[in-house]
Amino acid sequence: MAEKRKLIVLGPGCARCDNLARVAGQAAEELGLDYHLEKLTDIKQFASYGLMMTPGLVVDGTLVVQGKVPSVAEVRAMLAPGS
């Protein structure tokens, strides 16, 4: 059985952050992944992930997106097994 994926959206809670959370969740659902999605709004913690521009997306501890909201297809490609 596949391990649960951990997705974290980094941002102050703006509309773009909410949109990134929606896109990430939709991509994970379309792939049938077992995942946990969390929103981190504490700006002091962003630097620990190397985030320079919000919003950001962290997948399993690695920052994969910052400063933009990618498409569902782009996030699906990042989450696909073997990526």
# chains A, B, ... in the order shown; residues from 1 in each chain; ligands from 1

call {"tool": "residues_around", "arguments": {"residues": "Glu29 in chain A", "least_positions_apart": "6", "cutoff": "10 Å", "atoms": "only C-alpha atoms", "output": "PyMOL selection string"}}
result
chain A and resi 23+35+76

call {"tool": "write_last_selection", "arguments": {"atoms": "all heavy atoms", "output": "short mmCIF file (atom, residue, chain, number, x, y, z; two decimals), in the first residue's frame"}}
result
data_model
loop_
_atom_site.label_atom_id
_atom_site.label_comp_id
_atom_site.auth_asym_id
_atom_site.auth_seq_id
_atom_site.Cartn_x
_atom_site.Cartn_y
_atom_site.Cartn_z
N VAL A 23 -6.35 23.32 -5.88
CA VAL A 23 -5.68 22.66 -7.01
C VAL A 23 -4.92 21.43 -6.54
O VAL A 23 -4.99 20.36 -7.15
CB VAL A 23 -4.74 23.66 -7.72
CG1 VAL A 23 -3.78 22.96 -8.66
CG2 VAL A 23 -5.55 24.70 -8.48
N TYR A 35 -3.71 11.11 1.00
CA TYR A 35 -2.93 12.32 1.31
C TYR A 35 -3.53 13.08 2.48
O TYR A 35 -4.68 12.89 2.85
CB TYR A 35 -2.85 13.23 0.08
CG TYR A 35 -4.15 13.93 -0.26
CD1 TYR A 35 -4.39 15.24 0.15
CD2 TYR A 35 -5.15 13.28 -0.97
CE1 TYR A 35 -5.59 15.87 -0.15
CE2 TYR A 35 -6.34 13.89 -1.28
CZ TYR A 35 -6.56 15.20 -0.87
OH TYR A 35 -7.75 15.81 -1.15
N ARG A 76 -0.55 17.45 -10.65
CA ARG A 76 -0.70 16.01 -10.86
C ARG A 76 0.63 15.41 -11.27
O ARG A 76 1.04 14.34 -10.77
CB ARG A 76 -1.77 15.74 -11.91
CG ARG A 76 -2.71 14.65 -11.55
CD ARG A 76 -3.80 14.38 -12.56
NE ARG A 76 -3.60 14.85 -13.89
CZ ARG A 76 -4.38 15.75 -14.51
NH1 ARG A 76 -5.43 16.25 -13.91
NH2 ARG A 76 -4.13 16.13 -15.74
#

call {"tool": "select_by_dssp", "arguments": {"residues": "chain A", "states": "strand (DSSP E or B)", "output": "number ranges by chain"}}
result
A: 5-10, 35-40, 56-59, 62-66

call {"tool": "write_last_selection", "arguments": {"atoms": "C-alpha atoms", "output": "PDB file, in the first residue's frame"}}
result
ATOM      1  CA  ARG A   5       1.471  11.942   0.935  1.00  0.00           C
ATOM      2  CA  LYS A   6       1.817  15.113   2.974  1.00  0.00           C
ATOM      3  CA  LEU A   7       0.894  18.331   1.176  1.00  0.00           C
ATOM      4  CA  ILE A   8       1.402  21.719   2.825  1.00  0.00           C
ATOM      5  CA  VAL A   9       0.245  25.020   1.348  1.00  0.00           C
ATOM      6  CA  LEU A  10       2.365  27.914   2.621  1.00  0.00           C
ATOM      7  CA  TYR A  35      -2.932  12.317   1.309  1.00  0.00           C
ATOM      8  CA  HIS A  36      -3.122  14.889   4.074  1.00  0.00           C
ATOM      9  CA  LEU A  37      -3.452  18.562   3.079  1.00  0.00           C
ATOM     10  CA  GLU A  38      -2.488  21.244   5.551  1.00  0.00           C
ATOM     11  CA  LYS A  39      -2.387  25.043   5.308  1.00  0.00           C
ATOM     12  CA  LEU A  40       0.497  26.740   7.111  1.00  0.00           C
ATOM     13  CA  GLY A  56       4.083  27.746  -1.830  1.00  0.00           C
ATOM     14  CA  LEU A  57       3.434  24.020  -2.023  1.00  0.00           C
ATOM     15  CA  VAL A  58       5.456  21.494  -0.059  1.00  0.00           C
ATOM     16  CA  VAL A  59       5.161  17.819  -0.982  1.00  0.00           C
ATOM     17  CA  THR A  62      10.165  19.403  -0.292  1.00  0.00           C
ATOM     18  CA  LEU A  63       9.166  22.830  -1.626  1.00  0.00           C
ATOM     19  CA  VAL A  64       7.967  22.210  -5.189  1.00  0.00           C
ATOM     20  CA  VAL A  65       6.119  25.438  -6.038  1.00  0.00           C
ATOM     21  CA  GLN A  66       6.489  29.039  -4.952  1.00  0.00           C
TER      22      GLN A  66
END

call {"tool": "residues_around", "arguments": {"residues": "Val75 in chain A", "least_positions_apart": "5", "cutoff": "8 Å", "atoms": "only C-alpha atoms", "output": "MDAnalysis selection string"}}
result
chainID A and resid 23:24 27 70

call {"tool": "closest_residue", "arguments": {"among": "A:Asp34, A:Ala28, A:Tyr49, A:Thr54", "to": "Gly11 in chain A", "atoms": "only C-alpha atoms"}}
result
A:Thr54

call {"tool": "atom_distance", "arguments": {"atom1": "CA of Pro12 in chain A", "atom2": "CA of Asp60 in chain A"}}
result
20.4 Å
